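Undergrad: I'm passing along input-v1.txt; it holds compact mmCIF, C-alpha atoms and all ligand atoms.
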```
# COMPACT_ATOMS: atom_id res chain seq x y z
CA MET B 1 -98.88 42.02 -145.53
CA ASP B 2 -96.83 44.14 -147.91
CA GLY B 3 -97.89 44.71 -151.50
CA LYS B 4 -100.05 47.15 -153.43
CA TRP B 5 -102.83 48.62 -151.36
CA LEU B 6 -105.64 51.03 -151.96
CA GLU B 7 -106.85 53.24 -149.16
CA VAL B 8 -110.56 53.85 -149.66
CA PHE B 9 -112.29 56.72 -147.91
CA ALA B 10 -116.07 56.58 -148.12
CA THR B 11 -118.60 59.25 -147.23
CA GLY B 12 -122.35 59.46 -147.45
CA LYS B 13 -125.67 59.58 -145.62
CA GLU B 14 -125.26 59.13 -141.88
CA SER B 15 -128.43 57.05 -141.70
CA SER B 16 -126.89 54.34 -143.88
CA ARG B 17 -123.42 54.38 -142.28
CA GLU B 18 -123.82 50.87 -140.93
CA LEU B 19 -124.91 49.48 -144.29
CA ALA B 20 -121.96 51.20 -145.96
CA ALA B 21 -119.62 49.75 -143.30
CA THR B 22 -121.00 46.26 -143.91
CA ILE B 23 -120.42 46.63 -147.67
CA LEU B 24 -116.87 47.89 -147.12
CA ILE B 25 -116.07 45.07 -144.69
CA GLU B 26 -117.32 42.51 -147.20
CA VAL B 27 -115.41 43.99 -150.13
CA ALA B 28 -112.21 44.92 -148.28
CA GLY B 29 -112.12 41.70 -146.30
CA SER B 30 -110.62 43.68 -143.44
CA GLY B 31 -111.67 45.98 -140.67
CA VAL B 32 -113.19 49.36 -141.38
CA GLU B 33 -112.15 52.43 -139.48
CA GLU B 34 -114.88 54.80 -138.35
CA THR B 35 -114.01 58.47 -138.62
CA ALA B 36 -116.10 61.52 -137.79
CA THR B 37 -116.73 62.17 -141.47
CA GLY B 38 -116.78 58.72 -143.03
CA LEU B 39 -115.28 55.25 -143.22
CA ARG B 40 -111.77 54.18 -144.16
CA ALA B 41 -110.73 50.74 -145.40
CA TYR B 42 -107.75 49.12 -147.10
CA LEU B 43 -108.09 46.88 -150.16
CA LYS B 44 -105.25 44.70 -151.37
CA GLU B 45 -104.70 44.90 -155.12
CA PRO B 46 -108.40 45.28 -155.97
CA SER B 47 -109.44 44.59 -159.57
CA SER B 48 -111.34 47.24 -161.52
CA GLU B 49 -114.47 45.00 -161.27
CA THR B 50 -114.11 44.95 -157.48
CA LEU B 51 -113.92 48.74 -157.39
CA LYS B 52 -116.84 49.12 -159.79
CA GLY B 53 -118.88 46.70 -157.67
CA LEU B 54 -117.95 48.64 -154.54
CA GLU B 55 -118.94 51.91 -156.17
CA GLU B 56 -122.34 50.52 -157.22
CA ARG B 57 -123.08 48.91 -153.86
CA LEU B 58 -122.11 52.05 -151.94
CA ALA B 59 -124.15 54.21 -154.32
CA SER B 60 -127.20 52.03 -153.61
CA VAL B 61 -127.05 53.15 -149.96
CA GLY B 62 -126.22 56.78 -150.75
CA TRP B 63 -122.43 56.56 -150.32
CA THR B 64 -119.45 57.34 -152.50
CA PHE B 65 -115.68 56.95 -152.11
CA HIS B 66 -112.32 58.19 -153.22
CA ALA B 67 -109.19 56.09 -153.19
CA ARG B 68 -105.44 56.53 -152.71
CA ALA B 69 -102.95 53.92 -153.86
CA PHE B 70 -99.79 53.08 -152.02
CA THR B 71 -97.27 50.27 -152.23
CA GLU B 72 -95.16 48.29 -149.83
CA ARG B 73 -97.12 49.47 -146.84
CA ASN B 74 -98.47 47.39 -144.07
CA TRP B 75 -102.19 48.07 -143.68
CA LEU B 76 -102.13 47.03 -140.07
CA GLU B 77 -99.58 49.75 -139.43
CA GLU B 78 -101.97 52.23 -141.04
CA TRP B 79 -104.77 50.96 -138.85
CA LYS B 80 -102.75 51.15 -135.68
CA LYS B 81 -102.40 54.90 -136.16
CA TYR B 82 -106.13 55.37 -135.87
CA ILE B 83 -107.49 52.75 -133.55
CA ARG B 84 -107.25 53.70 -129.90
CA PRO B 85 -108.32 51.72 -126.85
CA VAL B 86 -111.94 52.36 -125.87
CA ARG B 87 -112.93 52.91 -122.25
CA ILE B 88 -116.43 52.07 -121.09
CA LYS B 89 -115.80 52.04 -117.38
CA PRO B 90 -114.81 49.47 -116.07
CA LEU B 91 -114.10 47.93 -119.51
CA TYR B 92 -110.92 48.74 -121.40
CA ILE B 93 -111.13 47.50 -124.99
CA CYS B 94 -107.88 47.36 -126.89
CA GLN B 95 -106.69 45.78 -130.11
CA SER B 96 -104.42 42.76 -129.91
CA PHE B 97 -101.51 44.87 -131.20
CA SER B 98 -102.01 47.55 -128.56
CA THR B 99 -99.03 48.28 -126.38
CA SER B 100 -100.87 50.60 -124.01
CA ARG B 101 -101.12 49.70 -120.31
CA VAL B 102 -104.50 48.77 -118.90
CA PRO B 103 -105.36 51.54 -116.40
CA ALA B 104 -105.80 50.50 -112.76
CA GLY B 105 -109.30 49.30 -111.96
CA TYR B 106 -110.19 48.49 -115.57
CA ILE B 107 -111.06 45.08 -117.02
CA PRO B 108 -109.21 44.45 -120.30
CA ILE B 109 -110.91 43.07 -123.40
CA VAL B 110 -108.55 42.26 -126.25
CA ILE B 111 -110.00 42.27 -129.75
CA ASP B 112 -108.13 40.96 -132.76
CA PRO B 113 -108.54 43.46 -135.59
CA SER B 114 -110.12 41.49 -138.36
CA MET B 115 -113.04 41.36 -140.65
CA ALA B 116 -115.94 41.08 -138.20
CA PHE B 117 -117.78 44.14 -136.90
CA GLY B 118 -117.11 45.03 -133.29
CA THR B 119 -113.78 46.70 -132.50
CA GLY B 120 -115.52 48.75 -129.83
CA THR B 121 -115.13 52.03 -131.66
CA HIS B 122 -118.61 52.17 -133.23
CA PRO B 123 -121.24 54.10 -131.23
CA SER B 124 -123.72 51.18 -131.39
CA THR B 125 -121.16 48.84 -129.77
CA LYS B 126 -120.29 51.45 -127.14
CA LEU B 127 -123.95 51.91 -126.26
CA ALA B 128 -124.56 48.17 -125.99
CA LEU B 129 -121.50 47.91 -123.72
CA LYS B 130 -122.80 50.79 -121.56
CA ALA B 131 -126.13 49.02 -121.18
CA LEU B 132 -124.40 45.74 -120.26
CA VAL B 133 -122.24 47.51 -117.67
CA TRP B 134 -125.33 49.17 -116.19
CA LEU B 135 -127.24 45.90 -115.88
CA LEU B 136 -124.41 43.58 -114.90
CA SER B 137 -122.53 45.76 -112.45
CA LYS B 138 -125.67 45.81 -110.26
CA LYS B 139 -126.76 42.24 -110.90
CA GLU B 140 -128.65 41.80 -107.63
CA ARG B 141 -130.82 44.81 -108.44
CA PHE B 142 -131.97 43.39 -111.77
CA PHE B 143 -131.69 39.61 -111.74
CA GLU B 144 -133.05 36.91 -109.49
CA ASP B 145 -131.91 34.00 -111.68
CA ARG B 146 -129.88 31.25 -110.06
CA VAL B 147 -127.62 31.28 -113.14
CA LEU B 148 -127.29 34.61 -114.89
CA SER B 149 -127.44 33.78 -118.59
CA LEU B 150 -126.89 36.01 -121.61
CA LEU B 151 -127.54 35.55 -125.31
CA ASP B 152 -125.67 37.81 -127.75
CA VAL B 153 -127.43 37.83 -131.13
CA GLY B 154 -125.23 39.11 -133.97
CA THR B 155 -122.03 38.76 -132.01
CA GLY B 156 -119.63 39.96 -134.77
CA SER B 157 -116.20 40.03 -133.13
CA GLY B 158 -117.71 38.55 -129.94
CA ILE B 159 -117.10 41.79 -128.05
CA LEU B 160 -120.44 41.96 -126.20
CA ALA B 161 -120.42 38.29 -125.22
CA ILE B 162 -116.84 38.57 -123.95
CA ALA B 163 -117.69 41.74 -122.03
CA ALA B 164 -120.75 40.08 -120.46
CA LYS B 165 -118.68 37.11 -119.34
CA LYS B 166 -116.05 39.41 -117.84
CA LEU B 167 -118.80 41.38 -116.09
CA GLY B 168 -120.02 38.22 -114.39
CA ALA B 169 -122.66 36.62 -116.64
CA GLU B 170 -122.37 32.91 -115.92
CA ARG B 171 -123.74 31.23 -119.04
CA VAL B 172 -123.03 33.13 -122.25
CA VAL B 173 -124.13 32.05 -125.73
CA ALA B 174 -123.38 34.07 -128.87
CA THR B 175 -124.77 33.66 -132.38
CA ASP B 176 -124.19 35.12 -135.81
CA ILE B 177 -125.38 34.32 -139.30
CA ASP B 178 -121.92 35.09 -140.70
CA GLY B 179 -119.40 32.23 -140.65
CA LEU B 180 -116.48 34.62 -140.62
CA ALA B 181 -117.86 36.44 -137.57
CA LEU B 182 -118.21 33.09 -135.79
CA ARG B 183 -114.55 32.27 -136.44
CA VAL B 184 -113.39 35.71 -135.31
CA ALA B 185 -115.60 35.60 -132.20
CA ARG B 186 -114.18 32.18 -131.24
CA LYS B 187 -110.66 33.50 -131.68
CA ASN B 188 -111.41 36.55 -129.54
CA ALA B 189 -113.09 34.44 -126.85
CA ARG B 190 -109.91 32.31 -126.68
CA LEU B 191 -107.73 35.42 -126.62
CA ASN B 192 -109.66 36.71 -123.60
CA LYS B 193 -109.90 33.29 -121.93
CA THR B 194 -113.66 33.74 -121.68
CA PRO B 195 -115.67 30.52 -122.05
CA VAL B 196 -118.50 31.60 -124.35
CA ARG B 197 -120.54 29.22 -126.51
CA ILE B 198 -120.47 30.58 -130.05
CA THR B 199 -122.89 29.05 -132.52
CA GLY B 200 -124.31 29.63 -135.98
CA LYS B 201 -127.61 27.98 -135.01
CA PRO B 202 -130.83 29.92 -135.61
CA LEU B 203 -132.58 31.27 -132.50
CA THR B 204 -135.23 28.54 -132.66
CA GLU B 205 -132.53 25.89 -132.16
CA ILE B 206 -130.90 27.52 -129.15
CA ARG B 207 -132.11 25.84 -125.98
CA GLY B 208 -133.66 27.58 -123.02
CA GLY B 209 -134.47 31.13 -122.10
CA PHE B 210 -131.98 33.81 -121.01
CA SER B 211 -131.89 36.38 -118.22
CA LEU B 212 -130.54 38.92 -120.70
CA VAL B 213 -130.52 39.11 -124.50
CA VAL B 214 -128.43 41.66 -126.37
CA ALA B 215 -128.59 42.42 -130.09
CA ASN B 216 -126.73 45.16 -131.91
CA ILE B 217 -128.19 44.91 -135.41
CA ILE B 218 -130.10 47.38 -137.57
CA LYS B 219 -133.77 48.12 -136.82
CA GLU B 220 -135.13 46.18 -139.78
CA VAL B 221 -133.41 42.98 -138.64
CA LEU B 222 -134.29 43.51 -134.96
CA ILE B 223 -137.95 43.78 -135.88
CA HIS B 224 -137.73 40.87 -138.31
CA ILE B 225 -136.30 38.52 -135.64
CA SER B 226 -138.23 40.10 -132.74
CA LYS B 227 -140.37 37.02 -132.00
CA GLY B 228 -137.26 34.85 -131.71
CA LEU B 229 -135.58 37.45 -129.50
CA SER B 230 -138.66 37.61 -127.30
CA GLN B 231 -138.91 33.81 -127.02
CA LYS B 232 -135.30 33.65 -125.85
CA THR B 233 -135.84 36.33 -123.16
CA ARG B 234 -137.16 34.94 -119.87
CA ARG B 235 -140.16 36.60 -118.22
CA GLY B 236 -138.72 39.23 -115.88
CA GLY B 237 -135.56 39.27 -118.01
CA TYR B 238 -134.12 42.09 -120.10
CA ILE B 239 -133.30 42.83 -123.71
CA VAL B 240 -130.74 45.37 -124.94
CA LEU B 241 -131.42 46.57 -128.47
CA SER B 242 -128.66 48.59 -130.11
CA GLY B 243 -127.84 49.59 -133.67
CA LEU B 244 -130.77 52.02 -133.69
CA LEU B 245 -130.67 55.52 -135.09
CA GLN B 246 -132.72 58.06 -133.16
CA GLU B 247 -135.40 57.99 -135.86
CA ASP B 248 -135.70 54.17 -135.43
CA GLU B 249 -136.29 54.26 -131.69
CA LYS B 250 -140.02 54.93 -131.52
CA GLU B 251 -141.01 52.20 -133.99
CA THR B 252 -138.69 49.67 -132.36
CA VAL B 253 -139.84 50.39 -128.81
CA GLU B 254 -143.49 50.25 -129.89
CA HIS B 255 -142.92 46.96 -131.68
CA PHE B 256 -141.23 45.32 -128.69
CA SER B 257 -143.86 46.79 -126.34
CA GLY B 258 -146.33 44.69 -128.33
CA LEU B 259 -144.27 41.64 -127.33
CA SER B 260 -144.62 42.35 -123.56
CA PHE B 261 -141.47 44.41 -123.16
CA SER B 262 -141.40 47.78 -121.43
CA LEU B 263 -138.74 50.43 -121.81
CA ILE B 264 -136.66 50.95 -118.70
CA ARG B 265 -133.66 52.92 -119.93
CA ARG B 266 -132.15 54.43 -123.06
CA PHE B 267 -128.55 55.30 -123.87
CA THR B 268 -127.58 57.72 -126.62
CA LEU B 269 -124.39 58.67 -128.41
CA LYS B 270 -124.35 61.02 -131.39
CA GLU B 271 -127.34 59.93 -133.53
CA TRP B 272 -127.33 56.38 -132.13
CA VAL B 273 -129.60 54.90 -129.46
CA ALA B 274 -129.67 51.68 -127.44
CA VAL B 275 -132.69 50.73 -125.38
CA VAL B 276 -133.03 48.42 -122.39
CA MET B 277 -136.45 46.77 -122.11
CA LYS B 278 -137.84 44.44 -119.47
CA LYS B 279 -140.06 41.48 -120.34
CA GLY B 280 -143.26 41.38 -118.31
C1 LIG L 301 -123.44 45.66 -136.12
S1 LIG L 301 -122.75 44.07 -136.00
C2 LIG L 301 -122.61 43.92 -134.24
C3 LIG L 301 -121.35 43.23 -133.78
C4 LIG L 301 -121.12 43.27 -132.27
N1 LIG L 301 -122.16 42.58 -131.56
C5 LIG L 301 -121.03 44.70 -131.76
O1 LIG L 301 -121.87 45.10 -130.95
O2 LIG L 301 -120.12 45.42 -132.17
C6 LIG L 301 -124.13 43.06 -136.40
C7 LIG L 301 -123.85 41.57 -136.52
O3 LIG L 301 -125.11 40.92 -136.64
C8 LIG L 301 -125.01 39.84 -137.55
N2 LIG L 301 -126.38 39.56 -138.02
C9 LIG L 301 -127.10 40.23 -138.96
N3 LIG L 301 -128.33 39.68 -139.07
C10 LIG L 301 -128.40 38.67 -138.15
C11 LIG L 301 -129.41 37.74 -137.77
N4 LIG L 301 -130.60 37.72 -138.36
N5 LIG L 301 -129.13 36.84 -136.80
C12 LIG L 301 -127.92 36.84 -136.19
N6 LIG L 301 -126.91 37.69 -136.52
C13 LIG L 301 -127.15 38.60 -137.48
C14 LIG L 301 -124.02 40.35 -138.60
O4 LIG L 301 -123.43 39.26 -139.27
C15 LIG L 301 -123.04 41.15 -137.74
O5 LIG L 301 -121.95 40.34 -137.33
```
Show me the file's structure as structure tokens.
TA:
Amino acid sequence: MDGKWLEVFATGKESSRELAATILIEVAGSGVEETATGLRAYLKEPSSETLKGLEERLASVGWTFHARAFTERNWLEEWKKYIRPVRIKPLYICQSFSTSRVPAGYIPIVIDPSMAFGTGTHPSTKLALKALVWLLSKKERFFEDRVLSLLDVGTGSGILAIAAKKLGAERVVATDIDGLALRVARKNARLNKTPVRITGKPLTEIRGGFSLVVANIIKEVLIHISKGLSQKTRRGGYIVLSGLLQEDEKETVEHFSGLSFSLIRRFTLKEWVAVVMKKG
């Protein structure tokens, strides 16, 4: 992994952080580190066209960047300095290179640091994990299904599907529209020895309904695919919607209320929100 690298540090409007992260992931072809003030990524020997393209795409979502060149450095080593295991009790999410010990009583989830979204460090992932822990650690309270099934829409690294399986969901299916995410999710499912069905099929081609559907995607997409999400959620089942900024919450909850869902709990972290809704 040695060679000439450019460290890119991007800053901009908080409301378009996720869009900026998606652009950086696409251009850098590697993971993006979330910091309190922005996003950091490493590009290997980028051409001037690549950098110009990055600048234009980031500018279109209100972001800008500055860059620092370095040579003969291993980007993974750079990454390792910043990425720490994430604890969402009882889950302990660590990167595959992590040497830290899993604390007693925690369930480990190992994520390979790669190009798909979902290292566990982003607030929207943390909130979705919190909601899954809440619902799945008291299964009897929420679910009557003979087989507790979960559909993870927009699985990215596979983190939510893997967590659900480890928390006791029996049938877990995960989808993504991004081929790279599907490959990474399969790799991570193998790494964690969690049998999860990972597919690129559209929602309409996935068979059956699910006790629980989780989707951590931006509001616009959640609303766009809301009918499909609703069709996949069994009556009496639950949906976890994450990836929402506080200003997105009202519109999203109202929209899903119109599809027979009612809000039962919300989780917040910084400016991010995840909602749990029950289908009537
Ligand atoms: C913010 S990431 C979430 C990743 C992971 N689930 C997590 O919680 O960290 C959103 C993912 O949704 C995928 N995605 C975007 N639009 C989608 C759609 N219409 N159907 C399925 N997946 C979609 C993206 O490719 C991306 O992997």
Undergrad: Would you name the residues within 8 Å of ligand LIG 301 (chain L), counting all atoms listed in the file, and put them as a PyMOL selection string?
TA: chain B and resi 18+116-120+122+124-126+128-129+152-161+175-178+181+202-203+215-218+221-222+224-225+242-243
Undergrad: So which residues touch segment 100-115 of chain B within 8 Å, counting only C-alpha atoms, skipping near sequence neighbours fewer than 3 positions away, as a list of chain:residue names?
TA: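 Those residues are B:Ile25, B:Glu26, B:Gly29, B:Ser30, B:Gly31, B:Lys89, B:Pro90, B:Leu91, B:Tyr92, B:Ile93, B:Cys94, B:Gln95, B:Ser96, B:Phe97, B:Thr119, B:Ser157, B:Ile159, B:Ile162, B:Ala163, B:Lys166, B:Leu180, B:Ala181, B:Val184, B:Lys187, B:Asn188, B:Leu191, B:Asn192.
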Undergrad: So that I can see what lies close to Tyr42 of chain B, please list as a PyMOL selection string the residues with an atom at most 7 Å from it, counting only C-alpha atoms and leaving out residues fewer than 3 positions away in the same chain.
TA: chain B and resi 5-8+28+75
Undergrad: Which polymer residues have any atom within 10 Å of an atom of Val253 of chain B, counting all atoms listed in the file, with same-chain residues fewer than 5 positions away left out, as number ranges by chain?
TA: B: 223, 241, 248, 258-259, 261-263, 275-277
Undergrad: Using Å and a single decimal, report how far atom CA of Arg186 of chain B sits from atom CA of Arg146 of chain B.
TA: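 About the pair atom CA of Arg146 of chain B and atom CA of Arg186 of chain B: they are 26.4 Å apart.
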Undergrad: Pick out the closest residue to Ser15 of chain B from this set: B:Val32, B:Val173, B:Ile264, B:Val61. Count all atoms listed in the file.
TA: B:Val61
Undergrad: Using Å and a single decimal, report how far atom CA of Arg171 of chain B sits from atom CA of Gly228 of chain B.
TA: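 Taking atom CA of Gly228 of chain B as the start and atom CA of Arg171 of chain B as the end point, the length is 18.9 Å.
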Undergrad: Quote the spacing between atom CA of Leu24 of chain B and atom CA of Ala174 of chain B in Å to one decimal place.
TA: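 Taking atom CA of Leu24 of chain B and atom CA of Ala174 of chain B, their separation equals 23.8 Å.
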